[in-house]
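*Asks:* Sharing a structure below in structure tokens format, with a few things to ask.
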Amino acid sequence: MDHPRVYSPMPLRSFHPSMPLNSGNVVVDQGKGKSVKRRRSVDQEPEPPIPSLEEIPRLLEIIQSTNGTNPVFLYRKRLEKSDIQPHQNRLFLTRCEKLMEFLTEEERNAVNGRKEGIEVFAVDSLDKRELYKLHLVRWPSLKMIVINSDWKKIVENNRPRAGDWVEIWGYRRNGQLNFAVNFKEGAEAQSNASASSSNGGNGTSTN
């Protein structure tokens, strides 16, 4: 049975009236009379299927060992460079309606109305079983919801690269909101790792 395909709509772009329209991945540089091959955007890579936690046994075991209940898949994003830079220390959340719906009304009001947002404890699939303290908050200046606080520590321990996917499950532990975070290699990162390996480098991979 065919599975439904996932499309990422691209924003509309404006063109100067004198610019010729063409198809394919070639752009004509009229000033120099040369054809320039356009690099395929990594954003065109389709999203991988949503995994079940049974596919990430270490993460499921950690949730269960801390008495977490009913984990629900909430969010996925392809990481940008700014999401993994230590001095930035934040993950911008885009299209996070499902995550916001998982919150209680009180938590949503706190995220949208408080400068510090709400505190969320998080685990990842590493053997360290470290408990991270995150904050979920809306930045009014950018009108964006972000995860910060110990986010840079998660990045430091897991070492994701730009183009990788971050996946987040939500669950409750003694009534407290918790996140379970997993990283998955994107196609571009896998390609770079393969190239590094073939050239004698030490390419690494994430879960």
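Just so we're on the same page: first chain in the structure tokens is A, next is B, and so on; residues restart at 1 for each chain, and ligands are numbered from 1 in the order they show up.
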Fewer than 4 positions away in the same chain doesn't count, so skip those; otherwise give me all residues within 8 Å of region 75-81 of chain A, counting only C-alpha atoms, as number ranges by chain.
*Replies:* A: 85, 93-94, 96, 98-99, 161-169, 186
*Asks:* For all heavy atoms, I'd like the residues from the last selection saved as a compact mmCIF listing (two decimals), in the first residue's frame.
*Replies:*
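Saved result, selection06.txt, follows:
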# COMPACT_ATOMS: atom_id res chain seq x y z
N GLN A 85 24.24 25.97 17.94
CA GLN A 85 25.40 26.76 18.34
C GLN A 85 25.33 27.05 19.84
O GLN A 85 24.31 27.55 20.33
CB GLN A 85 25.45 28.07 17.54
CG GLN A 85 25.77 27.86 16.07
CD GLN A 85 25.74 29.15 15.28
OE1 GLN A 85 25.22 30.16 15.72
NE2 GLN A 85 26.31 29.10 14.07
N LEU A 93 11.04 26.71 17.79
CA LEU A 93 9.99 25.75 17.48
C LEU A 93 9.10 26.33 16.39
O LEU A 93 8.54 27.41 16.55
CB LEU A 93 9.15 25.42 18.71
CG LEU A 93 9.91 24.87 19.92
CD1 LEU A 93 8.93 24.48 21.02
CD2 LEU A 93 10.76 23.67 19.53
N THR A 94 8.98 25.60 15.28
CA THR A 94 8.09 26.00 14.19
C THR A 94 7.01 24.93 14.04
O THR A 94 7.25 23.75 14.26
CB THR A 94 8.87 26.13 12.88
OG1 THR A 94 9.52 24.88 12.58
CG2 THR A 94 9.94 27.22 12.98
N CYS A 96 4.44 24.12 15.90
CA CYS A 96 4.42 23.34 17.15
C CYS A 96 3.02 23.27 17.75
O CYS A 96 2.86 23.22 18.97
CB CYS A 96 5.40 23.92 18.15
SG CYS A 96 5.12 25.67 18.55
N LYS A 98 0.83 20.86 17.79
CA LYS A 98 0.56 19.62 18.52
C LYS A 98 1.19 19.67 19.90
O LYS A 98 0.60 19.21 20.89
CB LYS A 98 1.10 18.42 17.73
CG LYS A 98 0.67 17.07 18.29
CD LYS A 98 1.06 15.95 17.34
CE LYS A 98 0.58 14.61 17.87
NZ LYS A 98 0.92 13.49 16.96
N LEU A 99 2.39 20.22 19.98
CA LEU A 99 3.05 20.35 21.27
C LEU A 99 2.25 21.25 22.19
O LEU A 99 2.04 20.95 23.37
CB LEU A 99 4.47 20.90 21.07
CG LEU A 99 5.39 20.96 22.29
CD1 LEU A 99 6.85 20.86 21.85
CD2 LEU A 99 5.20 22.23 23.11
N ARG A 161 24.20 17.55 14.02
CA ARG A 161 24.70 18.47 13.02
C ARG A 161 23.53 19.15 12.31
O ARG A 161 22.41 18.65 12.33
CB ARG A 161 25.58 17.73 12.01
CG ARG A 161 26.89 17.21 12.60
CD ARG A 161 27.61 16.30 11.66
NE ARG A 161 26.94 15.00 11.58
CZ ARG A 161 27.48 13.92 11.01
NH1 ARG A 161 28.67 14.00 10.47
NH2 ARG A 161 26.83 12.78 10.97
N ALA A 162 23.82 20.28 11.69
CA ALA A 162 22.80 20.95 10.90
C ALA A 162 22.30 19.99 9.83
O ALA A 162 23.09 19.33 9.15
CB ALA A 162 23.37 22.22 10.27
N GLY A 163 20.99 19.91 9.67
CA GLY A 163 20.40 18.96 8.72
C GLY A 163 19.88 17.71 9.39
O GLY A 163 19.09 16.98 8.78
N ASP A 164 20.31 17.44 10.63
CA ASP A 164 19.75 16.31 11.38
C ASP A 164 18.34 16.66 11.87
O ASP A 164 17.93 17.83 11.89
CB ASP A 164 20.63 15.98 12.59
CG ASP A 164 21.93 15.30 12.20
OD1 ASP A 164 22.05 14.86 11.04
OD2 ASP A 164 22.84 15.22 13.06
N TRP A 165 17.62 15.63 12.28
CA TRP A 165 16.27 15.82 12.82
C TRP A 165 16.30 15.73 14.34
O TRP A 165 17.00 14.89 14.91
CB TRP A 165 15.32 14.75 12.29
CG TRP A 165 15.09 14.79 10.82
CD1 TRP A 165 15.77 14.11 9.85
CD2 TRP A 165 14.10 15.57 10.13
NE1 TRP A 165 15.28 14.40 8.61
CE2 TRP A 165 14.26 15.29 8.74
CE3 TRP A 165 13.11 16.46 10.54
CZ2 TRP A 165 13.46 15.88 7.79
CZ3 TRP A 165 12.31 17.04 9.58
CH2 TRP A 165 12.48 16.76 8.22
N VAL A 166 15.53 16.59 15.01
CA VAL A 166 15.28 16.45 16.43
C VAL A 166 13.82 16.03 16.60
O VAL A 166 12.93 16.56 15.94
CB VAL A 166 15.56 17.76 17.22
CG1 VAL A 166 14.72 18.92 16.73
CG2 VAL A 166 15.35 17.53 18.72
N GLU A 167 13.59 15.03 17.47
CA GLU A 167 12.24 14.50 17.71
C GLU A 167 11.95 14.61 19.20
O GLU A 167 12.82 14.32 20.03
CB GLU A 167 12.16 13.04 17.28
CG GLU A 167 12.48 12.84 15.80
CD GLU A 167 12.67 11.38 15.42
OE1 GLU A 167 13.04 10.57 16.31
OE2 GLU A 167 12.47 11.06 14.24
N ILE A 168 10.73 15.04 19.53
CA ILE A 168 10.38 15.26 20.93
C ILE A 168 9.07 14.56 21.26
O ILE A 168 8.07 14.73 20.55
CB ILE A 168 10.25 16.77 21.24
CG1 ILE A 168 11.59 17.48 21.00
CG2 ILE A 168 9.79 17.00 22.67
CD1 ILE A 168 11.53 18.99 21.18
N TRP A 169 9.09 13.77 22.33
CA TRP A 169 7.88 13.18 22.90
C TRP A 169 7.57 13.91 24.21
O TRP A 169 8.48 14.37 24.91
CB TRP A 169 8.08 11.70 23.21
CG TRP A 169 8.05 10.80 22.02
CD1 TRP A 169 7.00 10.05 21.57
CD2 TRP A 169 9.12 10.53 21.11
NE1 TRP A 169 7.35 9.34 20.44
CE2 TRP A 169 8.65 9.62 20.14
CE3 TRP A 169 10.44 10.98 21.01
CZ2 TRP A 169 9.44 9.15 19.10
CZ3 TRP A 169 11.24 10.53 19.98
CH2 TRP A 169 10.73 9.62 19.04
N GLY A 186 20.02 13.37 9.27
CA GLY A 186 19.37 13.75 8.03
C GLY A 186 20.15 13.22 6.84
O GLY A 186 21.31 12.79 6.98
*Asks:* Do a neighbour search on Ala180 (chain A) at 8 Å with only C-alpha atoms, toss out local chain neighbours closer than 3 positions, and write the hits as a list in words.
*Replies:*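 Everything that qualifies: Leu59, Ile63, Ala122, Val123, Asp124, Ile168, Trp169, Gly170 and Tyr171 of chain A.
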*Asks:* With only C-alpha atoms as the counted atoms, please give the residues lying no more than 10 Å from Ser52 (chain A), apart from itself and same-chain residues fewer than 6 positions off, as a PyMOL selection string.
*Replies:* chain A and resi 60+72-73
*Asks:* Mind listing the helix (DSSP H, G or I) residues of region 52-134 of chain A, per DSSP on the backbone, as number ranges by chain?
*Replies:* A: 53-55, 57-65, 81-83, 97-102, 105-113
*Asks:* Quick one: write out the picked residues with N, CA and C atoms as a short mmCIF file (atom, residue, chain, number, x, y, z; two decimals), in the first residue's frame?
*Replies:*
data_model
loop_
_atom_site.label_atom_id
_atom_site.label_comp_id
_atom_site.auth_asym_id
_atom_site.auth_seq_id
_atom_site.Cartn_x
_atom_site.Cartn_y
_atom_site.Cartn_z
N LEU A 53 8.19 4.71 19.97
CA LEU A 53 9.25 4.64 20.97
C LEU A 53 9.84 3.25 21.08
N GLU A 54 9.11 2.23 20.62
CA GLU A 54 9.66 0.87 20.62
C GLU A 54 10.89 0.78 19.71
N GLU A 55 10.98 1.70 18.74
CA GLU A 55 12.14 1.73 17.84
C GLU A 55 13.34 2.39 18.51
N PRO A 57 14.51 1.85 22.00
CA PRO A 57 14.29 1.16 23.28
C PRO A 57 14.94 1.85 24.47
N ARG A 58 16.12 2.44 24.28
CA ARG A 58 16.79 3.09 25.40
C ARG A 58 15.97 4.26 25.92
N LEU A 59 15.37 5.02 25.00
CA LEU A 59 14.57 6.17 25.41
C LEU A 59 13.31 5.72 26.12
N LEU A 60 12.67 4.68 25.60
CA LEU A 60 11.46 4.14 26.24
C LEU A 60 11.78 3.61 27.63
N GLU A 61 12.91 2.92 27.75
CA GLU A 61 13.31 2.37 29.06
C GLU A 61 13.53 3.47 30.08
N ILE A 62 14.15 4.57 29.65
CA ILE A 62 14.41 5.69 30.57
C ILE A 62 13.11 6.31 31.04
N ILE A 63 12.16 6.48 30.12
CA ILE A 63 10.86 7.04 30.49
C ILE A 63 10.16 6.15 31.51
N GLN A 64 10.17 4.87 31.24
CA GLN A 64 9.48 3.93 32.13
C GLN A 64 10.17 3.84 33.49
N SER A 65 11.49 3.92 33.50
CA SER A 65 12.22 3.79 34.75
C SER A 65 12.03 4.99 35.66
N LYS A 81 21.78 25.56 11.69
CA LYS A 81 23.05 25.83 12.39
C LYS A 81 22.82 26.60 13.68
N SER A 82 21.90 27.57 13.63
CA SER A 82 21.66 28.39 14.81
C SER A 82 21.05 27.59 15.96
N ASP A 83 20.40 26.46 15.65
CA ASP A 83 19.78 25.63 16.69
C ASP A 83 20.80 24.86 17.51
N GLU A 97 1.98 23.28 16.90
CA GLU A 97 0.60 23.26 17.39
C GLU A 97 0.32 22.02 18.24
N LYS A 98 0.83 20.86 17.79
CA LYS A 98 0.56 19.62 18.52
C LYS A 98 1.19 19.67 19.90
N LEU A 99 2.39 20.22 19.98
CA LEU A 99 3.05 20.35 21.27
C LEU A 99 2.25 21.25 22.19
N MET A 100 1.77 22.37 21.67
CA MET A 100 1.02 23.32 22.49
C MET A 100 -0.31 22.72 22.95
N GLU A 101 -0.92 21.89 22.11
CA GLU A 101 -2.17 21.24 22.49
C GLU A 101 -1.97 20.26 23.63
N PHE A 102 -0.76 19.71 23.74
CA PHE A 102 -0.47 18.74 24.80
C PHE A 102 -0.40 19.41 26.18
N GLU A 105 -4.09 24.14 29.98
CA GLU A 105 -4.41 25.55 29.73
C GLU A 105 -3.52 26.46 30.58
N GLU A 106 -3.27 26.05 31.80
CA GLU A 106 -2.41 26.85 32.68
C GLU A 106 -0.99 26.94 32.12
N GLU A 107 -0.47 25.81 31.59
CA GLU A 107 0.88 25.80 31.02
C GLU A 107 0.95 26.67 29.77
N ARG A 108 -0.08 26.59 28.92
CA ARG A 108 -0.08 27.43 27.71
C ARG A 108 -0.09 28.91 28.06
N ASN A 109 -0.89 29.27 29.05
CA ASN A 109 -0.94 30.67 29.47
C ASN A 109 0.41 31.13 30.01
N ALA A 110 1.10 30.24 30.73
CA ALA A 110 2.40 30.59 31.28
C ALA A 110 3.45 30.74 30.18
N VAL A 111 3.41 29.86 29.18
CA VAL A 111 4.34 29.95 28.06
C VAL A 111 4.15 31.26 27.31
N ASN A 112 2.90 31.64 27.09
CA ASN A 112 2.60 32.83 26.30
C ASN A 112 2.68 34.12 27.11
N GLY A 113 2.56 34.02 28.42
CA GLY A 113 2.46 35.24 29.20
C GLY A 113 3.58 35.54 30.16
#
*Asks:* Extract the full set of strand (DSSP E) residues from region 120-203 of chain A according to DSSP on the backbone, and format it as a VMD selection string.
*Replies:* chain A and resid 120 to 124 132 to 139 144 to 149 165 to 173 176 to 184
*Asks:* So, with only C-alpha atoms as the atoms that count, which of A:Arg159, A:Lys143, A:Arg138, A:Lys115 lies closest to Glu185 (chain A)?
*Replies:* A:Arg159
*Asks:* Counting only C-alpha atoms, figure out which residue out of A:Ile50, A:Val137, A:Met144, A:Val155 gets nearest to Glu119 (chain A).
*Replies:*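 Smallest distance to Glu119 (chain A) is found for A:Val137.
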*Asks:* Restricting the calculation to only C-alpha atoms, which member of A:Asp150, A:Glu156, A:Glu47, A:Glu116 is positioned closest to Lys133 (chain A)?
*Replies:*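 Counting only C-alpha atoms, the residue closest to Lys133 (chain A) is A:Asp150.
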*Asks:* Using only C-alpha atoms for the distances, tell me which of A:Trp151, A:Phe179, A:Phe92, A:Trp139 is nearest to Ser125 (chain A).
*Replies:*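 With only C-alpha atoms as the atom set, the closest residue is A:Phe179.
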*Asks:* In Å, rounded to a single decimal, give me how far CA of Pro160 (chain A) is from CA of Gln176 (chain A).
*Replies:*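 These atoms are spaced 27.1 Å apart.
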